[in-house]
>>> print(open('protein21.txt').read())   # compact mmCIF, C-alpha atoms
# COMPACT_ATOMS: atom_id res chain seq x y z
CA MET A 264 -37.78 -126.19 -16.97
CA LEU A 265 -39.48 -123.62 -19.16
CA ALA A 266 -39.97 -126.43 -21.68
CA LEU A 267 -41.81 -128.49 -19.06
CA TYR A 268 -44.00 -125.51 -18.16
CA MET A 269 -44.83 -124.87 -21.82
CA ARG A 270 -45.62 -128.55 -22.39
CA GLU A 271 -48.01 -128.62 -19.43
CA MET A 272 -49.73 -125.46 -20.69
CA LYS A 273 -50.10 -126.92 -24.19
CA LEU A 274 -51.52 -130.15 -22.79
CA ALA A 275 -54.06 -128.27 -20.69
CA SER A 276 -55.22 -126.17 -23.63
CA ARG A 277 -55.49 -128.99 -26.21
CA ALA A 278 -58.52 -131.23 -26.60
CA GLY A 279 -59.06 -133.35 -23.52
CA GLY A 280 -57.17 -130.88 -21.33
CA SER A 281 -58.44 -130.07 -17.89
CA ALA A 282 -58.33 -126.27 -18.16
CA LEU A 283 -62.09 -125.75 -18.41
CA THR A 284 -63.29 -128.56 -16.13
CA GLY A 285 -62.47 -126.71 -12.93
CA VAL A 286 -64.03 -123.42 -14.04
CA LEU A 287 -67.28 -125.09 -15.08
CA PHE A 288 -67.48 -126.97 -11.78
CA PHE A 289 -66.79 -123.77 -9.85
CA LEU A 290 -69.48 -121.98 -11.84
CA ALA A 291 -71.96 -124.79 -11.17
CA VAL A 292 -71.32 -124.88 -7.40
CA VAL A 293 -71.53 -121.11 -6.91
CA ALA A 294 -74.46 -120.59 -9.28
CA ALA A 295 -76.47 -123.27 -7.48
CA MET A 296 -75.98 -121.58 -4.12
CA PRO A 297 -78.53 -118.71 -4.50
CA PHE A 298 -81.19 -121.21 -5.56
CA ALA A 299 -80.50 -123.39 -2.55
CA LEU A 300 -80.51 -120.51 -0.04
CA GLY A 301 -83.58 -118.70 -1.28
CA PRO A 302 -84.20 -114.99 -1.83
CA ASP A 303 -82.42 -113.61 1.26
CA ILE A 304 -80.03 -111.14 -0.38
CA GLY A 305 -78.38 -110.13 2.89
CA LEU A 306 -77.59 -113.76 3.75
CA LEU A 307 -76.01 -114.31 0.31
CA ALA A 308 -73.77 -111.28 0.70
CA ARG A 309 -72.71 -112.42 4.18
CA ILE A 310 -71.72 -115.95 3.17
CA GLY A 311 -70.40 -114.92 -0.28
CA PRO A 312 -66.64 -115.10 0.47
CA ALA A 313 -67.04 -118.48 2.15
CA VAL A 314 -69.03 -119.87 -0.79
CA LEU A 315 -66.43 -118.64 -3.29
CA TRP A 316 -63.60 -120.15 -1.25
CA VAL A 317 -65.28 -123.54 -0.80
CA GLY A 318 -66.20 -123.62 -4.50
CA ALA A 319 -62.65 -122.76 -5.55
CA LEU A 320 -61.22 -125.35 -3.15
CA LEU A 321 -63.41 -128.17 -4.44
CA ALA A 322 -62.85 -127.18 -8.07
CA SER A 323 -59.08 -127.15 -7.48
CA LEU A 324 -59.18 -130.63 -5.98
CA LEU A 325 -61.18 -131.93 -8.93
CA CYS A 326 -58.35 -132.31 -11.43
CA LEU A 327 -55.49 -132.85 -9.01
CA ASP A 328 -55.25 -136.63 -9.37
CA ARG A 329 -54.28 -136.24 -13.05
CA LEU A 330 -51.22 -134.18 -12.11
CA PHE A 331 -48.88 -137.21 -12.13
CA GLN A 332 -51.27 -139.98 -13.19
CA ALA A 333 -51.26 -138.83 -16.84
CA ASP A 334 -47.46 -138.79 -16.92
CA ARG A 335 -47.31 -142.20 -15.30
CA ASP A 336 -49.76 -143.72 -17.78
CA ASP A 337 -47.67 -142.77 -20.79
CA GLY A 338 -44.26 -143.41 -19.22
CA SER A 339 -43.13 -139.76 -19.07
CA LEU A 340 -42.93 -139.90 -15.28
CA ASP A 341 -40.14 -142.51 -15.47
CA LEU A 342 -38.05 -140.17 -17.59
CA LEU A 343 -38.78 -137.14 -15.38
CA VAL A 344 -37.62 -139.15 -12.35
CA MET A 345 -34.56 -140.51 -14.17
CA ALA A 346 -33.45 -136.97 -15.01
CA ARG A 347 -33.15 -136.10 -11.31
CA ASP A 348 -29.38 -135.65 -11.50
CA ARG A 349 -29.95 -132.97 -14.12
CA HIS A 350 -33.19 -131.42 -12.85
CA MET A 351 -33.96 -131.73 -9.14
CA LEU A 352 -37.21 -133.64 -8.72
CA PRO A 353 -38.78 -131.12 -6.27
CA ILE A 354 -38.18 -128.36 -8.82
CA VAL A 355 -39.81 -130.48 -11.54
CA VAL A 356 -42.82 -130.96 -9.23
CA LEU A 357 -42.89 -127.23 -8.43
CA VAL A 358 -42.95 -126.35 -12.14
CA LYS A 359 -45.73 -128.85 -12.76
CA CYS A 360 -47.69 -127.32 -9.83
CA LEU A 361 -47.23 -123.81 -11.20
CA ALA A 362 -48.39 -124.93 -14.65
CA HIS A 363 -51.36 -126.72 -13.09
CA TRP A 364 -52.21 -123.58 -11.14
CA THR A 365 -51.91 -121.30 -14.20
CA ALA A 366 -53.98 -123.56 -16.43
CA GLY A 367 -56.56 -124.90 -14.01
CA ILE A 368 -56.88 -122.63 -10.98
CA LEU A 369 -56.01 -119.13 -12.18
CA PRO A 370 -59.16 -119.12 -14.36
CA LEU A 371 -61.17 -119.71 -11.16
CA VAL A 372 -59.60 -116.66 -9.56
CA ILE A 373 -60.39 -114.61 -12.65
CA ALA A 374 -63.98 -115.86 -12.70
CA SER A 375 -64.54 -115.24 -8.98
CA PRO A 376 -65.42 -111.48 -9.22
CA LEU A 377 -68.13 -112.32 -11.74
CA LEU A 378 -69.54 -114.99 -9.46
CA GLY A 379 -69.30 -112.55 -6.56
CA LEU A 380 -71.90 -110.44 -8.37
CA ILE A 381 -74.25 -113.44 -8.47
CA LEU A 382 -73.86 -113.68 -4.70
CA ASN A 383 -74.69 -109.96 -4.21
CA MET A 384 -71.30 -109.24 -2.65
CA ASP A 385 -70.18 -105.61 -2.41
CA PRO A 386 -67.15 -104.52 -4.49
CA LEU A 387 -64.75 -104.42 -1.54
CA ALA A 388 -65.63 -107.97 -0.51
CA ILE A 389 -65.30 -109.16 -4.11
CA GLY A 390 -61.87 -107.57 -4.40
CA ALA A 391 -60.68 -108.98 -1.09
CA THR A 392 -61.92 -112.47 -1.92
CA ALA A 393 -60.29 -112.44 -5.36
CA LEU A 394 -57.04 -111.26 -3.80
CA THR A 395 -57.05 -113.96 -1.11
CA LEU A 396 -57.89 -116.58 -3.73
CA LEU A 397 -54.97 -115.37 -5.85
CA ILE A 398 -52.58 -115.68 -2.92
CA GLY A 399 -54.08 -118.78 -1.32
CA THR A 400 -54.92 -121.15 -4.18
CA PRO A 401 -51.29 -121.95 -5.11
CA ALA A 402 -51.04 -123.58 -1.68
CA ILE A 403 -53.82 -125.98 -2.70
CA ALA A 404 -51.83 -126.98 -5.77
CA PHE A 405 -48.65 -127.52 -3.70
CA VAL A 406 -50.33 -129.70 -1.06
CA GLY A 407 -52.31 -131.41 -3.79
CA ALA A 408 -49.09 -132.39 -5.55
CA ALA A 409 -48.02 -134.34 -2.46
CA GLY A 410 -51.40 -136.08 -2.32
CA ALA A 411 -51.36 -136.81 -6.05
CA ALA A 412 -47.84 -138.23 -5.78
CA VAL A 413 -48.86 -140.59 -2.98
CA ALA A 414 -51.90 -141.81 -4.92
CA VAL A 415 -50.17 -141.96 -8.32
CA GLY A 416 -50.06 -145.74 -8.58
CA LEU A 417 -53.62 -146.33 -7.46
CA PRO A 418 -56.58 -146.88 -9.74
CA ARG A 419 -59.32 -144.31 -9.03
CA GLY A 420 -57.00 -142.36 -6.78
CA GLY A 421 -59.01 -139.16 -7.24
CA VAL A 422 -61.16 -139.58 -4.15
CA LEU A 423 -58.17 -140.61 -2.07
CA VAL A 424 -56.28 -137.50 -3.18
CA SER A 425 -59.17 -135.27 -2.08
CA VAL A 426 -59.44 -137.02 1.30
CA LEU A 427 -55.67 -136.83 1.86
CA VAL A 428 -55.40 -133.21 0.83
CA LEU A 429 -58.50 -131.72 2.40
CA PRO A 430 -57.33 -131.70 6.06
CA LEU A 431 -54.05 -130.11 4.98
CA VAL A 432 -55.70 -127.25 3.10
CA ILE A 433 -58.16 -126.40 5.89
CA PRO A 434 -55.75 -123.79 7.37
CA VAL A 435 -55.54 -122.14 3.94
CA LEU A 436 -59.33 -122.05 3.80
CA VAL A 437 -59.65 -120.67 7.33
CA PHE A 438 -57.22 -117.80 6.83
CA GLY A 439 -58.40 -117.09 3.27
CA VAL A 440 -62.00 -116.69 4.38
CA SER A 441 -61.17 -114.77 7.55
CA ALA A 442 -59.03 -112.30 5.61
CA SER A 443 -61.87 -111.81 3.11
CA TYR A 444 -64.34 -111.12 5.96
CA ALA A 445 -61.93 -108.82 7.75
CA ALA A 446 -61.78 -106.59 4.69
CA VAL A 447 -65.51 -105.89 5.03
CA ASN A 448 -66.20 -106.07 8.77
CA GLU A 449 -64.70 -102.87 10.15
CA PRO A 450 -63.04 -103.72 13.48
CA ASP A 451 -61.35 -106.93 12.24
CA PRO A 452 -57.80 -106.43 10.93
CA PHE A 453 -57.24 -107.58 7.35
CA LEU A 454 -53.49 -107.78 7.33
CA PRO A 455 -52.69 -110.50 9.96
CA PRO A 456 -54.79 -113.30 8.44
CA PHE A 457 -53.70 -112.20 4.96
CA LEU A 458 -50.03 -112.40 5.90
CA ILE A 459 -50.52 -115.79 7.52
CA LEU A 460 -52.18 -116.94 4.29
CA THR A 461 -49.16 -115.70 2.32
CA ALA A 462 -46.83 -117.46 4.73
CA LEU A 463 -48.81 -120.70 4.37
CA THR A 464 -48.48 -120.55 0.59
CA LEU A 465 -44.74 -119.94 0.75
CA PHE A 466 -44.29 -122.66 3.37
CA LEU A 467 -46.26 -125.20 1.36
CA ALA A 468 -44.42 -124.23 -1.84
CA VAL A 469 -41.33 -125.74 -0.19
CA ILE A 470 -42.86 -128.63 1.75
CA GLY A 471 -45.36 -129.83 -0.88
CA PRO A 472 -42.99 -130.40 -3.82
CA ALA A 473 -40.34 -131.91 -1.52
CA ALA A 474 -42.86 -134.39 -0.12
CA ALA A 475 -44.18 -135.18 -3.61
CA ALA A 476 -40.65 -135.80 -4.87
CA LEU A 477 -40.06 -138.27 -2.03
CA ALA A 478 -43.26 -140.12 -2.91
CA LEU A 479 -42.35 -140.21 -6.61
CA ARG A 480 -38.90 -141.71 -6.04
CA TYR A 481 -40.07 -145.12 -7.27
CA PRO A 482 -43.04 -144.29 -9.49
CA ALA A 483 -43.99 -147.84 -10.45
CA ASP A 484 -44.62 -149.14 -6.94
CA MET B 354 -17.09 -145.60 -18.91
CA ARG B 355 -18.52 -148.85 -17.64
CA LEU B 356 -21.81 -150.10 -16.25
CA VAL B 357 -21.26 -152.60 -13.45
CA ALA B 358 -23.81 -154.65 -11.53
CA GLU B 359 -22.69 -156.72 -8.56
CA ASN B 360 -24.83 -159.35 -6.87
CA LEU B 361 -27.88 -157.38 -7.96
CA GLY B 362 -31.28 -158.41 -6.63
CA GLY B 363 -34.69 -156.98 -7.36
CA GLU B 364 -38.26 -157.49 -6.26
CA ARG B 365 -41.69 -156.64 -7.51
CA GLY B 366 -44.58 -156.31 -5.09
CA GLY B 367 -42.57 -157.73 -2.17
CA ARG B 368 -41.55 -160.87 -4.06
CA THR B 369 -37.94 -161.47 -5.09
CA VAL B 370 -37.84 -161.67 -8.87
CA PHE B 371 -34.11 -162.16 -9.31
CA SER B 372 -30.99 -162.10 -7.17
CA GLY B 373 -27.24 -162.51 -7.49
CA ILE B 374 -26.98 -160.98 -10.98
CA ASP B 375 -23.48 -159.88 -11.99
CA PHE B 376 -22.59 -158.22 -15.26
CA ALA B 377 -20.52 -155.44 -16.72
CA VAL B 378 -20.99 -153.51 -19.95
CA GLN B 379 -17.95 -151.78 -21.44
CA GLU B 380 -17.86 -148.96 -23.97
CA GLY B 381 -18.87 -150.25 -27.39
CA GLU B 382 -20.44 -153.39 -25.95
CA ALA B 383 -24.00 -154.63 -25.99
CA THR B 384 -25.57 -157.08 -23.57
CA VAL B 385 -28.84 -158.76 -24.41
CA ILE B 386 -30.99 -159.99 -21.53
CA THR B 387 -33.01 -163.05 -22.44
CA GLY B 388 -35.31 -165.30 -20.53
CA PRO B 389 -38.91 -166.44 -20.30
CA ASN B 390 -41.81 -164.14 -19.37
CA GLY B 391 -41.70 -163.28 -15.70
CA ALA B 392 -37.97 -163.92 -15.38
CA GLY B 393 -37.43 -160.31 -14.33
CA LYS B 394 -35.96 -158.74 -17.46
CA SER B 395 -38.00 -155.53 -17.22
CA THR B 396 -37.51 -155.39 -13.45
CA LEU B 397 -33.75 -155.65 -13.95
CA LEU B 398 -33.81 -152.75 -16.41
CA ARG B 399 -35.89 -150.65 -14.00
CA VAL B 400 -33.46 -151.39 -11.16
CA VAL B 401 -30.54 -150.33 -13.39
CA ALA B 402 -32.46 -147.17 -14.34
CA GLY B 403 -32.96 -146.37 -10.66
CA LEU B 404 -36.73 -146.62 -10.93
CA LEU B 405 -36.91 -149.56 -8.52
CA PRO B 406 -34.75 -150.09 -5.44
CA ALA B 407 -32.17 -152.88 -5.53
CA THR B 408 -32.89 -155.38 -2.75
CA SER B 409 -29.28 -156.55 -2.68
CA GLY B 410 -26.01 -155.62 -4.31
CA GLN B 411 -25.55 -152.49 -6.36
CA VAL B 412 -25.37 -151.11 -9.84
CA ARG B 413 -23.06 -148.22 -10.66
CA PHE B 414 -21.74 -146.23 -13.58
CA GLU B 415 -17.95 -145.92 -13.51
CA ASN B 416 -15.90 -143.06 -14.93
CA GLY B 417 -19.00 -141.14 -15.96
CA GLY B 418 -17.52 -137.92 -14.59
CA GLU B 419 -19.59 -134.87 -13.72
CA ALA B 420 -22.15 -135.39 -16.46
CA PHE B 421 -23.07 -139.00 -15.72
CA PRO B 422 -22.71 -139.76 -11.98
CA THR B 423 -25.35 -142.52 -11.90
CA PRO B 424 -26.71 -145.08 -14.36
CA ALA B 425 -29.98 -143.10 -14.42
CA ALA B 426 -28.19 -139.93 -15.53
CA ALA B 427 -26.19 -141.80 -18.16
CA ALA B 428 -29.07 -143.74 -19.63
CA HIS B 429 -31.81 -143.44 -22.17
CA PHE B 430 -34.66 -145.73 -21.15
CA LEU B 431 -36.89 -147.10 -23.89
CA ALA B 432 -39.58 -148.86 -21.87
CA HIS B 433 -42.84 -150.47 -22.93
CA LEU B 434 -44.43 -147.03 -22.80
CA ASN B 435 -43.25 -144.38 -25.19
CA ALA B 436 -43.34 -141.33 -22.88
CA MET B 437 -45.06 -139.22 -25.52
CA LYS B 438 -48.26 -137.18 -25.22
CA PRO B 439 -50.91 -138.27 -27.73
CA VAL B 440 -52.36 -134.75 -28.14
CA LEU B 441 -49.03 -133.10 -28.97
CA THR B 442 -47.43 -133.51 -32.40
CA VAL B 443 -44.43 -135.77 -32.87
CA ALA B 444 -42.18 -132.74 -33.31
CA GLU B 445 -43.55 -131.03 -30.17
CA ASN B 446 -43.04 -134.19 -28.12
CA LEU B 447 -39.48 -134.58 -29.32
CA SER B 448 -38.54 -130.95 -28.90
CA PHE B 449 -39.86 -131.07 -25.32
CA TRP B 450 -37.60 -134.02 -24.49
CA ALA B 451 -34.78 -132.34 -26.38
CA GLN B 452 -35.05 -129.24 -24.21
CA PHE B 453 -35.60 -131.20 -21.00
CA GLN B 454 -32.82 -133.73 -21.50
CA GLY B 455 -30.38 -131.47 -23.32
CA ALA B 456 -30.25 -131.57 -27.12
CA ASP B 457 -27.18 -132.67 -29.05
CA ASN B 458 -28.92 -133.17 -32.40
CA ASP B 459 -31.88 -131.32 -33.81
CA VAL B 460 -35.30 -132.91 -33.97
CA GLU B 461 -35.56 -132.95 -37.79
CA THR B 462 -32.30 -134.89 -38.13
CA ALA B 463 -33.40 -137.42 -35.53
CA LEU B 464 -36.77 -137.90 -37.24
CA ALA B 465 -35.06 -138.33 -40.61
CA ARG B 466 -32.83 -141.04 -39.13
CA VAL B 467 -35.89 -143.09 -38.19
CA GLY B 468 -37.78 -142.20 -41.39
CA LEU B 469 -40.57 -140.21 -39.74
CA GLN B 470 -40.05 -136.70 -41.12
CA ALA B 471 -43.33 -136.98 -43.07
CA VAL B 472 -45.43 -137.37 -39.90
CA ALA B 473 -43.64 -134.83 -37.69
CA HIS B 474 -46.62 -132.47 -37.75
CA LEU B 475 -49.21 -135.14 -36.78
CA PRO B 476 -50.39 -135.63 -33.21
CA PHE B 477 -48.53 -138.56 -31.68
CA GLY B 478 -51.83 -140.34 -31.03
CA TYR B 479 -52.43 -140.71 -34.79
CA LEU B 480 -49.32 -142.84 -35.36
CA SER B 481 -49.29 -146.61 -35.69
CA THR B 482 -47.64 -148.78 -33.03
CA GLY B 483 -44.46 -149.21 -35.06
CA GLN B 484 -44.24 -145.49 -35.86
CA ARG B 485 -44.66 -144.63 -32.17
CA ARG B 486 -41.78 -146.95 -31.38
CA ARG B 487 -39.62 -145.26 -34.02
CA ALA B 488 -40.51 -141.82 -32.63
CA SER B 489 -39.28 -143.05 -29.24
CA VAL B 490 -36.04 -144.18 -30.87
CA ALA B 491 -35.73 -140.65 -32.30
CA ARG B 492 -35.97 -139.35 -28.71
CA MET B 493 -32.81 -141.30 -27.89
CA LEU B 494 -31.05 -139.80 -30.89
CA VAL B 495 -31.85 -136.19 -30.00
CA SER B 496 -29.86 -136.11 -26.76
CA SER B 497 -26.80 -138.31 -26.51
CA ARG B 498 -26.37 -140.68 -23.58
CA PRO B 499 -23.69 -143.36 -23.34
CA LEU B 500 -26.07 -146.05 -22.12
CA TRP B 501 -29.23 -147.26 -23.86
CA LEU B 502 -31.60 -149.36 -21.74
CA LEU B 503 -34.00 -151.03 -24.14
CA ASP B 504 -37.04 -153.04 -23.11
CA GLU B 505 -38.39 -155.00 -26.09
CA PRO B 506 -37.37 -152.11 -28.37
CA THR B 507 -38.59 -153.60 -31.65
CA THR B 508 -42.14 -154.47 -30.59
CA GLY B 509 -44.51 -153.50 -33.39
CA MET B 510 -41.77 -152.50 -35.85
CA ASP B 511 -41.73 -153.91 -39.38
CA ALA B 512 -38.68 -155.75 -40.77
CA ASP B 513 -37.26 -152.64 -42.47
CA SER B 514 -37.52 -150.57 -39.29
CA VAL B 515 -35.87 -153.33 -37.25
CA GLY B 516 -33.00 -153.35 -39.75
CA GLN B 517 -32.74 -149.56 -39.59
CA PHE B 518 -32.82 -149.69 -35.78
CA SER B 519 -30.03 -152.26 -35.67
CA ILE B 520 -27.91 -149.94 -37.84
CA LEU B 521 -28.59 -147.11 -35.34
CA MET B 522 -27.61 -149.39 -32.46
CA LYS B 523 -24.38 -150.37 -34.22
CA GLU B 524 -23.56 -146.69 -34.80
CA HIS B 525 -24.23 -146.02 -31.11
CA LEU B 526 -21.86 -148.84 -30.13
CA ALA B 527 -19.22 -147.72 -32.63
CA GLY B 528 -19.33 -144.28 -31.01
CA GLY B 529 -18.43 -145.80 -27.63
CA GLY B 530 -21.98 -146.32 -26.46
CA MET B 531 -23.35 -149.15 -24.36
CA ILE B 532 -26.57 -151.10 -24.79
CA LEU B 533 -28.45 -153.22 -22.29
CA ALA B 534 -31.46 -154.69 -24.01
CA ALA B 535 -34.17 -157.07 -22.86
CA THR B 536 -35.74 -158.88 -25.77
CA HIS B 537 -37.19 -162.10 -27.16
CA LEU B 538 -36.44 -161.12 -30.77
CA PRO B 539 -33.02 -161.01 -32.41
CA LEU B 540 -31.82 -157.39 -32.60
CA GLY B 541 -29.19 -157.92 -35.29
CA LEU B 542 -26.32 -157.30 -32.89
CA GLY B 543 -24.06 -160.20 -33.87
CA ASP B 544 -21.48 -160.25 -31.11
CA ALA B 545 -23.59 -159.08 -28.16
CA ALA B 546 -23.04 -160.77 -24.82
CA GLU B 547 -26.05 -162.60 -23.46
CA LEU B 548 -27.36 -162.45 -19.92
CA ARG B 549 -29.74 -165.35 -19.55
CA MET B 550 -32.27 -164.99 -16.76
CA THR B 551 -34.25 -167.98 -15.60
CA ALA B 552 -37.59 -168.16 -13.88
CA SER B 553 -36.09 -170.50 -11.27
CA THR B 554 -35.27 -167.79 -8.72
CA MET B 555 -38.86 -166.68 -8.90
CA ASP B 556 -40.19 -170.23 -8.42
CA ALA B 557 -37.87 -170.76 -5.47
CA ALA B 558 -39.17 -167.58 -3.88
CA GLU B 559 -42.72 -168.75 -4.35
CA VAL B 560 -41.98 -172.13 -2.79
CA SER B 561 -40.24 -170.61 0.21
CA ALA B 562 -43.08 -168.13 0.66
>>> encode(input="protein21.txt", output="structure tokens")
Amino acid sequence: MLALYMREMKLASRAGGSALTGVLFFLAVVAAMPFALGPDIGLLARIGPAVLWVGALLASLLCLDRLFQADRDDGSLDLLVMARDRHMLPIVVLVKCLAHWTAGILPLVIASPLLGLILNMDPLAIGATALTLLIGTPAIAFVGAAGAAVAVGLPRGGVLVSVLVLPLVIPVLVFGVSASYAAVNEPDPFLPPFLILTALTLFLAVIGPAAAALALRYPAD
Amino acid sequence: MRLVAENLGGERGGRTVFSGIDFAVQEGEATVITGPNGAGKSTLLRVVAGLLPATSGQVRFENGGEAFPTPAAAAHFLAHLNAMKPVLTVAENLSFWAQFQGADNDVETALARVGLQAVAHLPFGYLSTGQRRRASVARMLVSSRPLWLLDEPTTGMDADSVGQFSILMKEHLAGGGMILAATHLPLGLGDAAELRMTASTMDAAEVSA
């Protein structure tokens, strides 16, 4: 399993890997926002957490369709599925999700404080948003795996993956953003939405890979 | 150990490609699947490998014990695609599969057996078609499985490599292995049983549809 994780990390870091695509897209979306909204600094600070979350969500969805498509195109997926008596398929999917998160989405989380400065967010809001992104974004990868597995045989499945996955990650977005706001707005409690976000991630870590494994049972059809 | 298929049927895209196939492969035996294009040779191999559902009948692996409960667990599958990443080196690709599938031989030995030790450090994408095929053969040598499922294994190989590959197959059989190969080209396995598939079942399905 560690071998699979290391292989995914190597693939993401070599030429043609998807590690940087997401970060650059995230940067582009968030950096464009102040220009679109104009010079109202107070408005930027107010919508900052929401902008970061939407940007991170869209950037995470960007590379999801390649999660299994690349393995299917070169035949590796057949061998991963055939090994299911040795390595449970949901665990294989989980490892691929974790590698995808580390290589493609963790850089977004790391870049988010910097982009928070562009949006004139105060340090507490930046910290809270980065923390909720850290806890919440794995859920996007887990749900995305199920979507990517369903669309694996389809040409140009990328759009379909985004459409399939988006409704399922809306709860993650809602609780991620509300926890970030609660950290700044005094009377709102931070902990309840944050714990629900954590629970969502843990819940989807089980459901997502299991659903993806079901969809990948017969990878050619 | 024995691979048994009884009354096996398979379909592709909702259309029956073959049905009523019976065969058995014993230890040390090879079976070559022949037939025209579209007769269902690759589909049959995918059904045996558990990558497509059987529409009728069943295929099972007998006396495989704990290690090999199903044909999929007991098999190496050499399909049309090589299952290697073009951006990783040959050695990296092989050592990944070695770790994932369980290594019984080291990667250098396997590469030497197929005559590729000189290109081990190159990215897989730089290899020629025949070399890629030989690297895939090396993958089967790294971890040992009793059953080899081969789909046109010698495509793109030169005459020397085909000869070398037939020696490897004979060694595999001599060690109690089994081979189920779909091919149009002679593999140099003199006494292999032949499973001849015809396109007739497919035509019949088309007529009835």
>>> interface_residues(input="protein21.txt", of="chain B", to="chain A", cutoff="8 Å", atoms="all atoms listed in the file", output="ChimeraX atom specification")
/B:366,402-406,422-423,425-426,430,432,434-438,440-441,449,452-454
>>> write_last_selection(input="protein21.txt", atoms="C-alpha atoms", output="PDB file, in the coordinates of the input")
ATOM      1  CA  GLY B 366     -44.580-156.310  -5.090  1.00  0.00           C
ATOM      2  CA  ALA B 402     -32.460-147.170 -14.340  1.00  0.00           C
ATOM      3  CA  GLY B 403     -32.960-146.370 -10.660  1.00  0.00           C
ATOM      4  CA  LEU B 404     -36.730-146.620 -10.930  1.00  0.00           C
ATOM      5  CA  LEU B 405     -36.910-149.560  -8.520  1.00  0.00           C
ATOM      6  CA  PRO B 406     -34.750-150.090  -5.440  1.00  0.00           C
ATOM      7  CA  PRO B 422     -22.710-139.760 -11.980  1.00  0.00           C
ATOM      8  CA  THR B 423     -25.350-142.520 -11.900  1.00  0.00           C
ATOM      9  CA  ALA B 425     -29.980-143.100 -14.420  1.00  0.00           C
ATOM     10  CA  ALA B 426     -28.190-139.930 -15.530  1.00  0.00           C
ATOM     11  CA  PHE B 430     -34.660-145.730 -21.150  1.00  0.00           C
ATOM     12  CA  ALA B 432     -39.580-148.860 -21.870  1.00  0.00           C
ATOM     13  CA  LEU B 434     -44.430-147.030 -22.800  1.00  0.00           C
ATOM     14  CA  ASN B 435     -43.250-144.380 -25.190  1.00  0.00           C
ATOM     15  CA  ALA B 436     -43.340-141.330 -22.880  1.00  0.00           C
ATOM     16  CA  MET B 437     -45.060-139.220 -25.520  1.00  0.00           C
ATOM     17  CA  LYS B 438     -48.260-137.180 -25.220  1.00  0.00           C
ATOM     18  CA  VAL B 440     -52.360-134.750 -28.140  1.00  0.00           C
ATOM     19  CA  LEU B 441     -49.030-133.100 -28.970  1.00  0.00           C
ATOM     20  CA  PHE B 449     -39.860-131.070 -25.320  1.00  0.00           C
ATOM     21  CA  GLN B 452     -35.050-129.240 -24.210  1.00  0.00           C
ATOM     22  CA  PHE B 453     -35.600-131.200 -21.000  1.00  0.00           C
ATOM     23  CA  GLN B 454     -32.820-133.730 -21.500  1.00  0.00           C
TER      24      GLN B 454
END
>>> closest_residue(input="protein21.txt", among="A:Leu361, A:Val440, A:Ile381, A:Val422", to="A:Phe298", atoms="all atoms listed in the file")
A:Ile381
>>> closest_residue(input="protein21.txt", among="B:Leu480, B:Trp501, B:Arg492, B:Arg485", to="B:Leu533", atoms="only C-alpha atoms")
B:Trp501
>>> closest_residue(input="protein21.txt", among="A:Val372, A:Ala388, A:Pro450, A:Val293", to="A:Val317", atoms="all atoms listed in the file")
A:Val293
>>> atom_distance(input="protein21.txt", atom1="atom CA of B:Leu475", atom2="atom CA of A:Leu283")
24.3 Å
>>> closest_residue(input="protein21.txt", among="B:Val401, B:Ile520, B:Gln484, B:Phe376", to="B:Pro424", atoms="all atoms listed in the file")
B:Val401
>>> atom_distance(input="protein21.txt", atom1="atom CA of B:Leu500", atom2="atom CA of B:Phe414")
9.6 Å
